[in-house]
file query.txt (compact mmCIF, C-alpha atoms)
# COMPACT_ATOMS: atom_id res chain seq x y z
CA MET A 2 -49.13 -67.93 -132.15
CA ILE A 3 -51.91 -69.57 -130.21
CA LYS A 4 -50.93 -72.62 -128.25
CA TRP A 5 -53.07 -75.75 -128.28
CA TRP A 6 -54.03 -75.55 -124.62
CA LYS A 7 -55.59 -72.13 -125.11
CA ILE A 8 -57.92 -73.53 -127.76
CA LEU A 9 -58.61 -76.52 -125.51
CA SER A 10 -59.51 -74.18 -122.63
CA ALA A 11 -61.96 -72.20 -124.79
CA LEU A 12 -63.54 -75.40 -126.12
CA LEU A 13 -63.86 -77.00 -122.68
CA ILE A 14 -65.46 -73.92 -121.12
CA LEU A 15 -67.83 -73.53 -124.06
CA TYR A 16 -68.79 -77.21 -123.75
CA THR A 17 -69.39 -76.98 -120.01
CA LEU A 18 -71.35 -73.73 -120.33
CA VAL A 19 -73.75 -75.27 -122.84
CA TRP A 20 -73.92 -78.85 -121.61
CA GLY A 21 -73.94 -77.73 -118.00
CA MET A 22 -77.26 -76.01 -118.69
CA LEU A 23 -78.76 -78.73 -120.88
CA GLY A 24 -77.38 -81.98 -119.51
CA PRO A 25 -79.22 -84.28 -117.15
CA VAL A 26 -78.74 -83.74 -113.40
CA PRO A 27 -80.02 -85.70 -110.40
CA HIS A 28 -83.01 -84.12 -108.66
CA LEU A 29 -82.24 -83.42 -105.03
CA ASN A 30 -84.15 -81.60 -102.34
CA ILE A 31 -83.30 -77.94 -101.73
CA LEU A 32 -80.69 -77.94 -104.50
CA HIS A 33 -82.98 -78.74 -107.44
CA GLU A 34 -81.62 -77.21 -110.65
CA THR A 35 -79.11 -75.02 -108.79
CA ILE A 36 -76.87 -78.09 -108.63
CA ARG A 37 -75.69 -76.99 -112.09
CA ASN A 38 -73.76 -74.22 -110.35
CA VAL A 39 -71.28 -76.89 -109.32
CA TYR A 40 -69.93 -76.66 -112.88
CA TYR A 41 -69.13 -72.96 -112.52
CA HIS A 42 -68.69 -72.12 -108.83
CA VAL A 43 -66.38 -74.96 -107.83
CA PRO A 44 -64.00 -74.87 -110.86
CA ILE A 45 -63.56 -71.10 -110.46
CA TRP A 46 -62.43 -71.59 -106.85
CA PHE A 47 -60.15 -74.41 -107.93
CA ALA A 48 -58.61 -72.05 -110.50
CA MET A 49 -58.12 -69.40 -107.79
CA LEU A 50 -56.43 -71.84 -105.42
CA PHE A 51 -54.30 -73.10 -108.29
CA LEU A 52 -53.11 -69.56 -109.04
CA MET A 53 -52.36 -68.85 -105.38
CA GLY A 54 -50.33 -72.06 -105.28
CA TYR A 55 -48.54 -70.95 -108.43
CA SER A 56 -47.79 -67.63 -106.76
CA VAL A 57 -46.31 -69.35 -103.68
CA VAL A 58 -44.17 -71.67 -105.79
CA HIS A 59 -42.65 -68.66 -107.53
CA ALA A 60 -42.20 -66.86 -104.22
CA ILE A 61 -40.16 -69.84 -102.97
CA LYS A 62 -38.30 -69.84 -106.29
CA HIS A 63 -37.45 -66.18 -105.82
CA LEU A 64 -36.07 -66.79 -102.34
CA SER A 65 -33.81 -69.52 -103.67
CA ASN A 66 -32.55 -67.83 -106.86
CA ASN A 67 -33.00 -64.11 -106.13
CA ASP A 68 -34.39 -63.62 -109.63
CA LEU A 69 -36.70 -60.61 -109.92
CA ARG A 70 -38.63 -62.31 -112.71
CA SER A 71 -39.88 -65.01 -110.32
CA ASP A 72 -41.14 -62.24 -108.06
CA ILE A 73 -42.98 -60.57 -110.95
CA ILE A 74 -44.62 -63.88 -111.88
CA SER A 75 -45.58 -64.48 -108.25
CA ASP A 76 -47.16 -61.03 -108.04
CA GLN A 77 -49.08 -61.44 -111.30
CA ALA A 78 -50.36 -64.88 -110.26
CA ALA A 79 -51.67 -63.44 -106.98
CA GLN A 80 -53.39 -60.61 -108.87
CA THR A 81 -55.04 -63.01 -111.30
CA GLY A 82 -56.05 -65.28 -108.41
CA LEU A 83 -57.70 -62.39 -106.60
CA PHE A 84 -59.50 -61.53 -109.83
CA PHE A 85 -60.88 -65.08 -109.93
CA ALA A 86 -62.21 -64.64 -106.41
CA ILE A 87 -64.79 -62.15 -107.75
CA PRO A 88 -66.75 -64.56 -110.00
CA GLY A 89 -66.22 -67.25 -107.35
CA LEU A 90 -67.89 -65.06 -104.75
CA LEU A 91 -70.67 -63.91 -107.07
CA THR A 92 -71.66 -67.44 -108.13
CA GLY A 93 -71.41 -68.52 -104.49
CA CYS A 94 -73.67 -65.69 -103.30
CA MET A 95 -76.29 -66.50 -105.92
CA TRP A 96 -76.20 -70.17 -105.02
CA ALA A 97 -76.46 -69.38 -101.33
CA LYS A 98 -79.46 -67.13 -101.96
CA TYR A 99 -81.42 -69.90 -103.67
CA THR A 100 -80.49 -72.78 -101.41
CA TRP A 101 -79.76 -71.34 -97.96
CA GLY A 102 -81.98 -68.27 -98.41
CA THR A 103 -79.32 -65.65 -97.80
CA TRP A 104 -76.61 -63.94 -99.86
CA TRP A 105 -73.98 -64.25 -97.15
CA THR A 106 -73.74 -65.93 -93.78
CA PHE A 107 -71.10 -65.78 -91.10
CA GLN A 108 -72.06 -69.24 -89.89
CA ASP A 109 -70.14 -71.01 -92.60
CA PRO A 110 -66.38 -71.50 -92.12
CA LYS A 111 -65.71 -71.67 -95.85
CA LEU A 112 -67.30 -68.29 -96.45
CA ASN A 113 -65.27 -66.79 -93.62
CA GLY A 114 -62.18 -68.47 -95.02
CA VAL A 115 -62.74 -66.87 -98.38
CA ALA A 116 -63.23 -63.45 -96.84
CA ILE A 117 -59.97 -63.88 -94.94
CA ALA A 118 -58.18 -65.09 -98.07
CA VAL A 119 -59.24 -61.95 -99.92
CA LEU A 120 -58.06 -59.81 -96.99
CA ILE A 121 -54.72 -61.64 -96.90
CA TYR A 122 -54.03 -60.97 -100.56
CA LEU A 123 -55.15 -57.34 -100.26
CA ALA A 124 -52.64 -57.03 -97.41
CA TYR A 125 -50.04 -58.62 -99.67
CA PHE A 126 -50.58 -55.94 -102.32
CA ILE A 127 -50.50 -53.15 -99.72
CA LEU A 128 -47.20 -54.55 -98.44
CA ARG A 129 -45.82 -54.60 -101.97
CA SER A 130 -46.84 -51.03 -102.64
CA SER A 131 -45.30 -49.75 -99.39
CA ILE A 132 -41.73 -50.81 -100.24
CA ASP A 133 -39.85 -48.90 -102.92
CA ASP A 134 -36.68 -50.91 -103.37
CA GLU A 135 -37.29 -53.68 -105.91
CA GLN A 136 -35.07 -56.39 -104.42
CA LYS A 137 -36.26 -55.70 -100.90
CA ARG A 138 -39.89 -55.67 -101.96
CA ALA A 139 -39.47 -58.97 -103.75
CA ARG A 140 -37.88 -60.72 -100.78
CA ILE A 141 -40.20 -59.41 -98.08
CA SER A 142 -43.38 -59.98 -100.04
CA ALA A 143 -42.21 -63.51 -100.87
CA VAL A 144 -41.84 -64.19 -97.14
CA TYR A 145 -45.31 -62.85 -96.42
CA ASN A 146 -46.76 -64.74 -99.36
CA ILE A 147 -45.46 -68.10 -98.12
CA PHE A 148 -46.53 -67.53 -94.52
CA ALA A 149 -49.96 -66.24 -95.48
CA PHE A 150 -50.59 -69.11 -97.89
CA VAL A 151 -49.93 -71.70 -95.19
CA MET A 152 -52.29 -69.96 -92.76
CA MET A 153 -54.93 -69.60 -95.48
CA PHE A 154 -54.55 -73.28 -96.33
CA VAL A 155 -55.19 -74.20 -92.69
CA PHE A 156 -58.21 -71.93 -92.70
CA ILE A 157 -59.83 -73.11 -95.92
CA MET A 158 -58.85 -76.77 -96.03
CA ILE A 159 -58.51 -77.97 -92.42
CA LEU A 160 -60.79 -75.92 -90.16
CA PRO A 161 -64.00 -76.36 -92.23
CA ARG A 162 -63.67 -80.11 -91.95
CA LEU A 163 -63.87 -79.88 -88.18
CA THR A 164 -66.70 -77.46 -87.64
CA ASP A 165 -70.27 -77.39 -88.82
CA SER A 166 -70.59 -76.07 -92.31
CA LEU A 167 -73.39 -75.55 -94.75
CA HIS A 168 -71.08 -76.63 -97.54
CA PRO A 169 -71.19 -80.23 -98.68
CA GLY A 170 -68.43 -82.49 -97.43
CA ASN A 171 -67.98 -80.67 -94.13
CA GLY A 172 -69.28 -81.23 -90.64
CA GLY A 173 -71.31 -84.28 -91.49
CA ASN A 174 -72.77 -82.94 -94.74
CA PRO A 175 -72.09 -85.40 -97.53
CA ALA A 176 -69.60 -84.39 -100.21
CA PHE A 177 -70.74 -84.11 -103.77
CA GLY A 178 -68.30 -86.83 -104.69
CA LYS A 179 -70.08 -89.38 -102.53
CA TYR A 180 -73.32 -89.85 -104.37
CA ASP A 181 -74.67 -86.57 -105.67
CA LEU A 182 -72.13 -86.29 -108.44
CA ASP A 183 -73.32 -89.05 -110.74
CA SER A 184 -71.48 -90.10 -113.90
CA ASN A 185 -73.44 -87.62 -116.04
CA MET A 186 -72.26 -84.74 -113.89
CA ARG A 187 -68.70 -85.98 -113.82
CA MET A 188 -68.62 -85.70 -117.60
CA VAL A 189 -69.17 -81.96 -117.23
CA PHE A 190 -67.48 -81.24 -113.89
CA TYR A 191 -63.99 -82.55 -114.63
CA PRO A 192 -63.71 -80.84 -118.06
CA ALA A 193 -64.93 -77.65 -116.37
CA VAL A 194 -62.17 -77.83 -113.77
CA ILE A 195 -59.51 -78.35 -116.44
CA GLY A 196 -61.02 -75.66 -118.65
CA TRP A 197 -61.13 -72.98 -115.94
CA ILE A 198 -57.60 -73.74 -114.74
CA LEU A 199 -56.34 -73.49 -118.31
CA LEU A 200 -58.20 -70.19 -118.71
CA SER A 201 -56.58 -68.86 -115.55
CA LEU A 202 -53.18 -69.87 -116.94
CA TRP A 203 -54.02 -68.09 -120.18
CA ILE A 204 -54.89 -64.83 -118.42
CA LEU A 205 -51.79 -65.20 -116.27
CA ASP A 206 -49.67 -65.79 -119.38
CA ILE A 207 -50.77 -62.48 -120.91
CA LYS A 208 -50.35 -60.52 -117.66
CA LYS A 209 -46.96 -62.11 -117.06
CA ARG A 210 -45.68 -61.19 -120.50
CA ILE A 211 -46.81 -57.57 -120.14
CA ALA A 212 -45.21 -57.28 -116.69
CA LEU A 213 -41.93 -58.88 -117.80
CA LEU A 214 -41.72 -56.60 -120.84
CA THR A 215 -42.39 -53.53 -118.70
CA HIS A 216 -39.70 -54.69 -116.30
CA LYS A 217 -37.24 -55.15 -119.17
CA LYS A 218 -38.06 -51.71 -120.57
CA ASN A 219 -37.58 -50.05 -117.18
CA GLU A 220 -34.21 -51.71 -116.73
CA GLN A 221 -32.78 -50.19 -119.91
CA MET B 24 -23.26 -73.09 -77.10
CA THR B 25 -26.36 -72.25 -79.05
CA THR B 26 -28.64 -72.55 -76.05
CA GLN B 27 -26.25 -70.32 -74.13
CA LEU B 28 -26.39 -67.70 -76.88
CA LEU B 29 -30.14 -68.04 -77.03
CA SER B 30 -30.58 -67.55 -73.30
CA SER B 31 -28.24 -64.57 -73.33
CA LEU B 32 -30.32 -63.03 -76.15
CA ILE B 33 -33.54 -63.58 -74.21
CA LYS B 34 -31.90 -62.11 -71.12
CA LYS B 35 -30.93 -59.08 -73.18
CA GLU B 36 -34.53 -58.62 -74.28
CA PHE B 37 -35.72 -58.70 -70.67
CA LEU B 38 -33.00 -56.29 -69.58
CA LEU B 39 -33.94 -53.84 -72.30
CA GLU B 40 -37.59 -54.14 -71.37
CA PHE B 41 -37.04 -53.53 -67.66
CA ARG B 42 -34.53 -50.76 -68.21
CA GLN B 43 -37.11 -48.93 -70.24
CA LYS B 44 -39.94 -49.30 -67.75
CA SER B 45 -42.27 -46.96 -69.58
CA THR B 46 -43.18 -49.49 -72.31
CA LEU B 47 -44.03 -52.29 -69.89
CA ALA B 48 -45.95 -49.90 -67.65
CA GLY B 49 -47.69 -48.59 -70.75
CA ILE B 50 -48.90 -52.05 -71.65
CA LEU B 51 -50.15 -52.69 -68.11
CA VAL B 52 -52.10 -49.44 -68.16
CA TYR B 53 -53.41 -50.38 -71.60
CA ILE B 54 -54.72 -53.70 -70.24
CA VAL B 55 -56.36 -52.21 -67.16
CA ALA B 56 -57.86 -49.31 -69.09
CA THR B 57 -59.33 -51.53 -71.82
CA VAL B 58 -60.83 -53.93 -69.32
CA PHE B 59 -62.15 -51.04 -67.23
CA ILE B 60 -63.78 -49.42 -70.27
CA SER B 61 -65.48 -52.69 -71.21
CA ALA B 62 -66.63 -53.12 -67.61
CA LEU B 63 -68.13 -49.62 -67.66
CA CYS B 64 -69.79 -50.18 -71.03
CA PHE B 65 -71.20 -53.63 -70.39
CA LYS B 66 -71.82 -53.30 -66.60
CA LYS B 67 -72.26 -57.05 -66.22
CA ILE B 68 -71.99 -59.70 -68.88
CA ILE B 69 -74.18 -62.75 -68.45
CA HIS B 70 -74.11 -64.07 -72.00
CA PRO B 71 -71.17 -66.49 -72.51
CA THR B 72 -70.73 -65.69 -76.21
CA VAL B 73 -70.46 -61.96 -75.52
CA TRP B 74 -68.00 -62.55 -72.68
CA ASN B 75 -65.91 -64.76 -74.93
CA ALA B 76 -65.94 -62.42 -77.92
CA LEU B 77 -65.00 -59.39 -75.84
CA PHE B 78 -62.20 -61.22 -74.06
CA TRP B 79 -60.58 -62.44 -77.26
CA THR B 80 -60.93 -59.07 -78.95
CA ILE B 81 -59.09 -57.46 -76.03
CA PHE B 82 -56.54 -60.28 -76.08
CA MET B 83 -55.88 -59.81 -79.79
CA PHE B 84 -55.27 -56.08 -79.50
CA ILE B 85 -52.95 -56.57 -76.54
CA ALA B 86 -51.01 -59.24 -78.43
CA VAL B 87 -50.62 -56.97 -81.46
CA ASN B 88 -49.43 -54.14 -79.21
CA VAL B 89 -46.98 -56.27 -77.25
CA SER B 90 -45.44 -58.58 -79.84
CA GLY B 91 -45.98 -56.17 -82.67
CA LYS B 92 -43.32 -53.82 -81.47
CA SER B 93 -40.62 -56.46 -81.02
CA PHE B 94 -38.66 -55.25 -84.04
CA MET B 95 -39.54 -51.60 -83.77
CA GLN B 96 -36.50 -50.75 -81.67
CA GLU B 97 -34.03 -52.54 -83.93
CA THR B 98 -31.98 -49.81 -85.51
CA LYS B 99 -29.67 -50.28 -88.45
CA GLY B 100 -26.54 -50.25 -86.29
CA LYS B 101 -27.95 -52.79 -83.86
CA GLY B 102 -28.99 -54.95 -86.78
CA LEU B 103 -25.44 -54.97 -88.11
CA TYR B 104 -24.08 -55.91 -84.68
CA ASN B 105 -26.56 -58.76 -84.29
CA TYR B 106 -25.82 -59.90 -87.82
CA LEU B 107 -22.16 -60.32 -86.93
CA TYR B 108 -22.66 -62.21 -83.68
CA TYR B 109 -25.79 -64.30 -84.00
CA SER B 110 -27.39 -66.56 -86.56
CA PRO B 111 -30.84 -65.55 -87.83
CA ARG B 112 -32.35 -68.66 -86.28
CA GLN B 113 -31.08 -67.80 -82.81
CA PHE B 114 -32.20 -64.23 -83.19
CA ILE B 115 -35.79 -64.90 -84.24
CA LEU B 116 -36.11 -67.76 -81.73
CA SER B 117 -35.00 -65.44 -78.93
CA LYS B 118 -37.58 -62.85 -80.02
CA ILE B 119 -40.34 -65.45 -80.23
CA MET B 120 -39.50 -67.03 -76.87
CA TYR B 121 -39.30 -63.66 -75.17
CA ASN B 122 -42.65 -62.67 -76.64
CA MET B 123 -44.14 -66.02 -75.61
CA LEU B 124 -43.08 -65.51 -72.00
CA LEU B 125 -44.27 -61.92 -71.94
CA MET B 126 -47.59 -62.75 -73.59
CA ALA B 127 -48.17 -65.69 -71.24
CA VAL B 128 -47.83 -63.38 -68.22
CA LEU B 129 -49.81 -60.55 -69.78
CA SER B 130 -52.64 -62.82 -70.93
CA LEU B 131 -52.94 -64.19 -67.39
CA LEU B 132 -53.04 -60.63 -66.09
CA THR B 133 -55.69 -59.72 -68.64
CA PHE B 134 -57.77 -62.69 -67.61
CA PHE B 135 -57.34 -61.74 -63.96
CA PHE B 136 -58.48 -58.13 -64.45
CA TYR B 137 -61.23 -59.18 -66.86
CA SER B 138 -62.72 -61.66 -64.40
CA TRP B 139 -62.35 -59.13 -61.62
CA PHE B 140 -64.07 -56.22 -63.39
CA VAL B 141 -66.44 -57.96 -65.76
CA GLY B 142 -66.91 -61.24 -63.93
CA SER B 143 -65.83 -64.73 -64.86
CA LEU B 144 -68.12 -67.22 -66.54
CA VAL B 145 -65.49 -69.90 -67.06
CA GLN B 146 -66.53 -73.29 -65.73
CA ASP B 147 -63.52 -75.33 -66.80
CA LEU B 148 -60.61 -73.19 -65.63
CA GLY B 149 -57.91 -75.74 -66.56
CA MET B 150 -59.04 -75.93 -70.17
CA PHE B 151 -59.33 -72.17 -70.41
CA LEU B 152 -55.82 -71.55 -69.08
CA LEU B 153 -54.40 -74.21 -71.39
CA THR B 154 -56.06 -72.51 -74.36
CA LEU B 155 -54.82 -69.13 -73.19
CA MET B 156 -51.21 -70.36 -72.94
CA PHE B 157 -51.14 -72.13 -76.29
CA SER B 158 -52.83 -69.33 -78.14
CA SER B 159 -50.61 -66.65 -76.62
CA SER B 160 -47.53 -68.57 -77.73
CA ALA B 161 -48.89 -69.04 -81.25
CA PHE B 162 -49.91 -65.38 -81.41
CA SER B 163 -46.44 -64.25 -80.42
CA GLY B 164 -44.90 -66.52 -83.05
CA VAL B 165 -47.00 -65.01 -85.83
CA LEU B 166 -46.65 -61.46 -84.58
CA SER B 167 -42.87 -61.63 -84.20
CA LEU B 168 -42.50 -62.48 -87.89
CA MET B 169 -45.09 -59.89 -88.90
CA SER B 170 -43.26 -57.30 -86.86
CA ALA B 171 -40.01 -58.20 -88.61
CA ILE B 172 -41.76 -57.76 -91.98
CA ALA B 173 -43.32 -54.44 -90.96
CA SER B 174 -39.99 -53.18 -89.64
CA LYS B 175 -38.43 -53.83 -93.05
CA ALA B 176 -41.26 -51.88 -94.66
CA ASN B 177 -40.45 -48.56 -92.97
CA ASN B 178 -41.91 -49.49 -89.57
CA ASN B 179 -45.39 -48.57 -90.57
CA ILE B 180 -47.65 -49.22 -87.55
CA SER B 181 -50.87 -49.52 -89.54
CA LEU B 182 -49.14 -51.96 -91.88
CA MET B 183 -48.56 -54.21 -88.88
CA ALA B 184 -52.31 -54.46 -88.25
CA ILE B 185 -53.15 -54.93 -91.93
CA LEU B 186 -50.61 -57.73 -92.30
CA SER B 187 -51.28 -59.60 -89.09
CA PHE B 188 -55.07 -59.50 -88.59
CA PRO B 189 -56.02 -61.76 -91.50
CA VAL B 190 -53.16 -64.15 -90.74
CA LEU B 191 -54.15 -64.37 -87.07
CA MET B 192 -57.75 -65.21 -87.90
CA PRO B 193 -57.44 -69.04 -88.06
CA LEU B 194 -55.64 -69.01 -84.72
CA LEU B 195 -58.20 -66.71 -83.16
CA LEU B 196 -61.15 -68.81 -84.32
CA VAL B 197 -59.69 -72.01 -82.87
CA SER B 198 -58.97 -70.24 -79.58
CA VAL B 199 -62.45 -68.75 -79.40
CA LYS B 200 -63.97 -72.15 -80.04
CA LEU B 201 -61.83 -73.81 -77.36
CA SER B 202 -62.49 -71.14 -74.78
CA LYS B 203 -66.22 -71.35 -75.51
CA HIS B 204 -65.98 -75.05 -74.70
CA ALA B 205 -64.17 -74.18 -71.47
CA ILE B 206 -66.83 -71.61 -70.54
CA ASP B 207 -69.61 -74.11 -71.13
CA GLY B 208 -67.66 -76.71 -69.18
CA LEU B 209 -67.79 -79.31 -71.93
CA ALA B 210 -65.94 -82.59 -71.57
CA TRP B 211 -62.29 -82.56 -72.66
CA SER B 212 -62.95 -85.25 -75.25
CA VAL B 213 -64.94 -82.67 -77.25
CA SER B 214 -62.05 -80.24 -77.30
CA TYR B 215 -59.18 -82.60 -78.07
CA LYS B 216 -59.15 -82.10 -81.82
CA TYR B 217 -59.16 -78.31 -81.50
CA LEU B 218 -56.42 -78.41 -78.90
CA LEU B 219 -54.42 -80.63 -81.24
CA ILE B 220 -54.85 -78.10 -84.05
CA LEU B 221 -53.76 -75.26 -81.77
CA VAL B 222 -50.61 -77.14 -80.73
CA MET B 223 -49.93 -78.06 -84.35
CA LEU B 224 -50.36 -74.43 -85.40
CA ASN B 225 -47.80 -73.48 -82.76
CA PHE B 226 -45.24 -75.76 -84.35
CA VAL B 227 -46.09 -74.66 -87.88
CA VAL B 228 -45.84 -70.99 -86.98
CA VAL B 229 -42.50 -71.27 -85.16
CA ALA B 230 -41.01 -73.47 -87.88
CA LEU B 231 -42.12 -71.13 -90.66
CA ALA B 232 -40.93 -68.05 -88.79
CA THR B 233 -37.45 -69.48 -88.20
CA LEU B 234 -37.20 -70.64 -91.81
CA LEU B 235 -38.41 -67.42 -93.37
CA PHE B 236 -36.64 -64.96 -91.09
CA ASN B 237 -33.38 -66.02 -92.71
CA TYR B 238 -34.45 -64.16 -95.85
CA LEU B 239 -35.73 -61.04 -94.06
CA TRP B 240 -32.54 -60.66 -92.11
CA LYS B 241 -30.20 -60.02 -95.05
CA GLU B 242 -30.32 -56.42 -96.11

call {"tool": "encode", "arguments": {"input": "query.txt", "output": "structure tokens"}}
result
Amino acid sequence: MIKWWKILSALLILYTLVWGMLGPVPHLNILHETIRNVYYHVPIWFAMLFLMGYSVVHAIKHLSNNDLRSDIISDQAAQTGLFFAIPGLLTGCMWAKYTWGTWWTFQDPKLNGVAIAVLIYLAYFILRSSIDDEQKRARISAVYNIFAFVMMFVFIMILPRLTDSLHPGNGGNPAFGKYDLDSNMRMVFYPAVIGWILLSLWILDIKKRIALLTHKKNEQ
Amino acid sequence: MTTQLLSSLIKKEFLLEFRQKSTLAGILVYIVATVFISALCFKKIIHPTVWNALFWTIFMFIAVNVSGKSFMQETKGKGLYNYLYYSPRQFILSKIMYNMLLMAVLSLLTFFFYSWFVGSLVQDLGMFLLTLMFSSSAFSGVLSLMSAIASKANNNISLMAILSFPVLMPLLLVSVKLSKHAIDGLAWSVSYKYLLILVMLNFVVVALATLLFNYLWKE
């Protein structure tokens, strides 16, 4: 049985893929046609942050109800989120190459933040794999998950707004929302955000079901 | 009552530390040796950025070594005893406060040896010391919780570094930025917002650690 939101996600992404390439965009210096990347790069990061948030919510849920299933969902959400970081990084690198002239720079706080976020979640998986007892693993990794998410949030959302950044909207650079994102672009950008988040939920749904079934089978 | 318990717990930590002089002496030797090695390697540092980066790298490794082992000596029997007599909040707060005090002293010592051997470039000493104090307290807050986590995961020493380095990064970057301002002798008005973030991070870290330790504590 396919749910309606899965079809909606496929349709929205298909629409943004096609119309993102063909639709009209404002012509700006430096950015030129690469501004279309805003339809792919930004929604993918939104989807990743959404999944990490989902993971934290279930970690908190696990601490309050001690249910192993919440822990499994939290783990799967973090895995899917980390998977979304890969296309996010790749589209970002390509965009950086054509606008800033380099694949990667350590000058930009957002790029550093992303690198740290990836490290944090890798550490989370290493922590999980180093504890054998299921209940103990669930509780301790939930604690780390919550703590790490807060620190990551400070790093990605608060620090870049204070320091100089090459990204729009930080350190004096105008945000896309201010005037670059005209009404034509909005018609593609917002559906893209919804579409990618729905897609991430879809992938998570499949992974979650597999993990829960495996858990059930192991319990018997 | 609670403050009395808290102070007695902190006193206990100090007693244990001084009774077992080898660990404290070990850390002191660690500080002097690291600073001496960097002095030998760099001879004299004239570039402020290099001075800053090296200092904070040394600081970070010392912090991980000092606060990182705060739960390493907690055996199962001791844990049971503490579980009976203290609340988790008192216990983690005592660990954090003890580590804060220890790190404050050790960071001052590090700065002293570092400016002695390598030379000091700091122009605004007040700002630098303020940064040093706030960041050492925030570092000990984070590292106490990370040490508790690592101790639950079979006391793996490399796990401690893997877990804490990425989480410490936002703190470290703010501290580096502030201390760079202090080295350049910038006006305080430039640094206010960073100092505010550092103080805020202190509160966030301590609050989160006390909240979350409750769940680590139960076996």

call {"tool": "closest_atom_pairs", "arguments": {"input": "query.txt", "of": "chain B", "to": "chain A", "cutoff": "7 Å", "atoms": "only C-alpha atoms", "output": "tab-separated table"}}
result
residue	atom	partner	partner_atom	distance
B:Ile172	CA	A:Ile141	CA	6.5
B:Ala176	CA	A:Ile132	CA	5.7
B:Ile185	CA	A:Ala124	CA	5.9
B:Leu186	CA	A:Ala124	CA	5.5
B:Pro189	CA	A:Ile121	CA	5.6
B:Val190	CA	A:Ala149	CA	6.1
B:Pro193	CA	A:Phe156	CA	5.5
B:Leu231	CA	A:Phe148	CA	6.9
B:Leu235	CA	A:Val144	CA	6.0
B:Tyr238	CA	A:Arg140	CA	6.9
B:Leu239	CA	A:Ile141	CA	6.2

call {"tool": "atom_distance", "arguments": {"input": "query.txt", "atom1": "CA of Ile220 in chain B", "atom2": "CA of Met123 in chain B"}}
result
18.2 Å

call {"tool": "residues_around", "arguments": {"input": "query.txt", "residues": "Ile8 in chain A", "least_positions_apart": "3", "cutoff": "10 Å", "atoms": "all atoms listed in the file", "output": "PDB file with C-alpha atoms, in the frame of the given file"}}
result
ATOM      1  CA  ILE A   3     -51.910 -69.570-130.210  1.00  0.00           C
ATOM      2  CA  LYS A   4     -50.930 -72.620-128.250  1.00  0.00           C
ATOM      3  CA  TRP A   5     -53.070 -75.750-128.280  1.00  0.00           C
ATOM      4  CA  ALA A  11     -61.960 -72.200-124.790  1.00  0.00           C
ATOM      5  CA  LEU A  12     -63.540 -75.400-126.120  1.00  0.00           C
ATOM      6  CA  LEU A  13     -63.860 -77.000-122.680  1.00  0.00           C
ATOM      7  CA  GLY A 196     -61.020 -75.660-118.650  1.00  0.00           C
ATOM      8  CA  LEU A 199     -56.340 -73.490-118.310  1.00  0.00           C
ATOM      9  CA  LEU A 200     -58.200 -70.190-118.710  1.00  0.00           C
TER      10      LEU A 200
END

call {"tool": "residues_near_point", "arguments": {"input": "query.txt", "point": "(-45.0, -50.3, -72.0)", "cutoff": "12 Å", "atoms": "all atoms listed in the file", "output": "list in words"}}
result
Leu39, Glu40, Phe41, Arg42, Gln43, Lys44, Ser45, Thr46, Leu47, Ala48, Gly49, Ile50, Leu51, Val52, Tyr53, Ile54, Ile85, Asn88, Val89, Ser90, Lys92, Ser93, Leu125 and Leu129 of chain B

call {"tool": "write_last_selection", "arguments": {"input": "query.txt", "atoms": "C-alpha atoms", "output": "CSV table (one decimal), keeping the file's coordinate frame"}}
result
chain,number,residue,atom,x,y,z
B,39,LEU,CA,-33.9,-53.8,-72.3
B,40,GLU,CA,-37.6,-54.1,-71.4
B,41,PHE,CA,-37.0,-53.5,-67.7
B,42,ARG,CA,-34.5,-50.8,-68.2
B,43,GLN,CA,-37.1,-48.9,-70.2
B,44,LYS,CA,-39.9,-49.3,-67.8
B,45,SER,CA,-42.3,-47.0,-69.6
B,46,THR,CA,-43.2,-49.5,-72.3
B,47,LEU,CA,-44.0,-52.3,-69.9
B,48,ALA,CA,-46.0,-49.9,-67.6
B,49,GLY,CA,-47.7,-48.6,-70.8
B,50,ILE,CA,-48.9,-52.0,-71.6
B,51,LEU,CA,-50.2,-52.7,-68.1
B,52,VAL,CA,-52.1,-49.4,-68.2
B,53,TYR,CA,-53.4,-50.4,-71.6
B,54,ILE,CA,-54.7,-53.7,-70.2
B,85,ILE,CA,-53.0,-56.6,-76.5
B,88,ASN,CA,-49.4,-54.1,-79.2
B,89,VAL,CA,-47.0,-56.3,-77.2
B,90,SER,CA,-45.4,-58.6,-79.8
B,92,LYS,CA,-43.3,-53.8,-81.5
B,93,SER,CA,-40.6,-56.5,-81.0
B,125,LEU,CA,-44.3,-61.9,-71.9
B,129,LEU,CA,-49.8,-60.6,-69.8

call {"tool": "closest_residue", "arguments": {"input": "query.txt", "among": "B:Val55, B:Ala230, B:Met169, B:Leu32", "to": "Ser181 in chain B", "atoms": "only C-alpha atoms"}}
result
B:Met169

call {"tool": "atom_distance", "arguments": {"input": "query.txt", "atom1": "CA of Met188 in chain A", "atom2": "CA of Asn38 in chain A"}}
result
14.5 Å

call {"tool": "axis_aligned_box", "arguments": {"input": "query.txt", "around": "range 73-87 of chain A", "padding_each_side": "6 Å", "output": "AutoDock Vina command-line options"}}
result
--center_x -53.9 --center_y -62.9 --center_z -109.1 --size_x 33.8 --size_y 16.7 --size_z 17.5

call {"tool": "closest_residue", "arguments": {"input": "query.txt", "among": "A:Glu135, A:Pro192, A:His63, A:Leu15", "to": "His216 in chain A", "atoms": "all atoms listed in the file"}}
result
A:Glu135

call {"tool": "residues_around", "arguments": {"input": "query.txt", "residues": "range 200-208 of chain B", "least_positions_apart": "6", "cutoff": "6 Å", "atoms": "all atoms listed in the file", "output": "ChimeraX atom specification"}}
result
/B:145-147,150-151
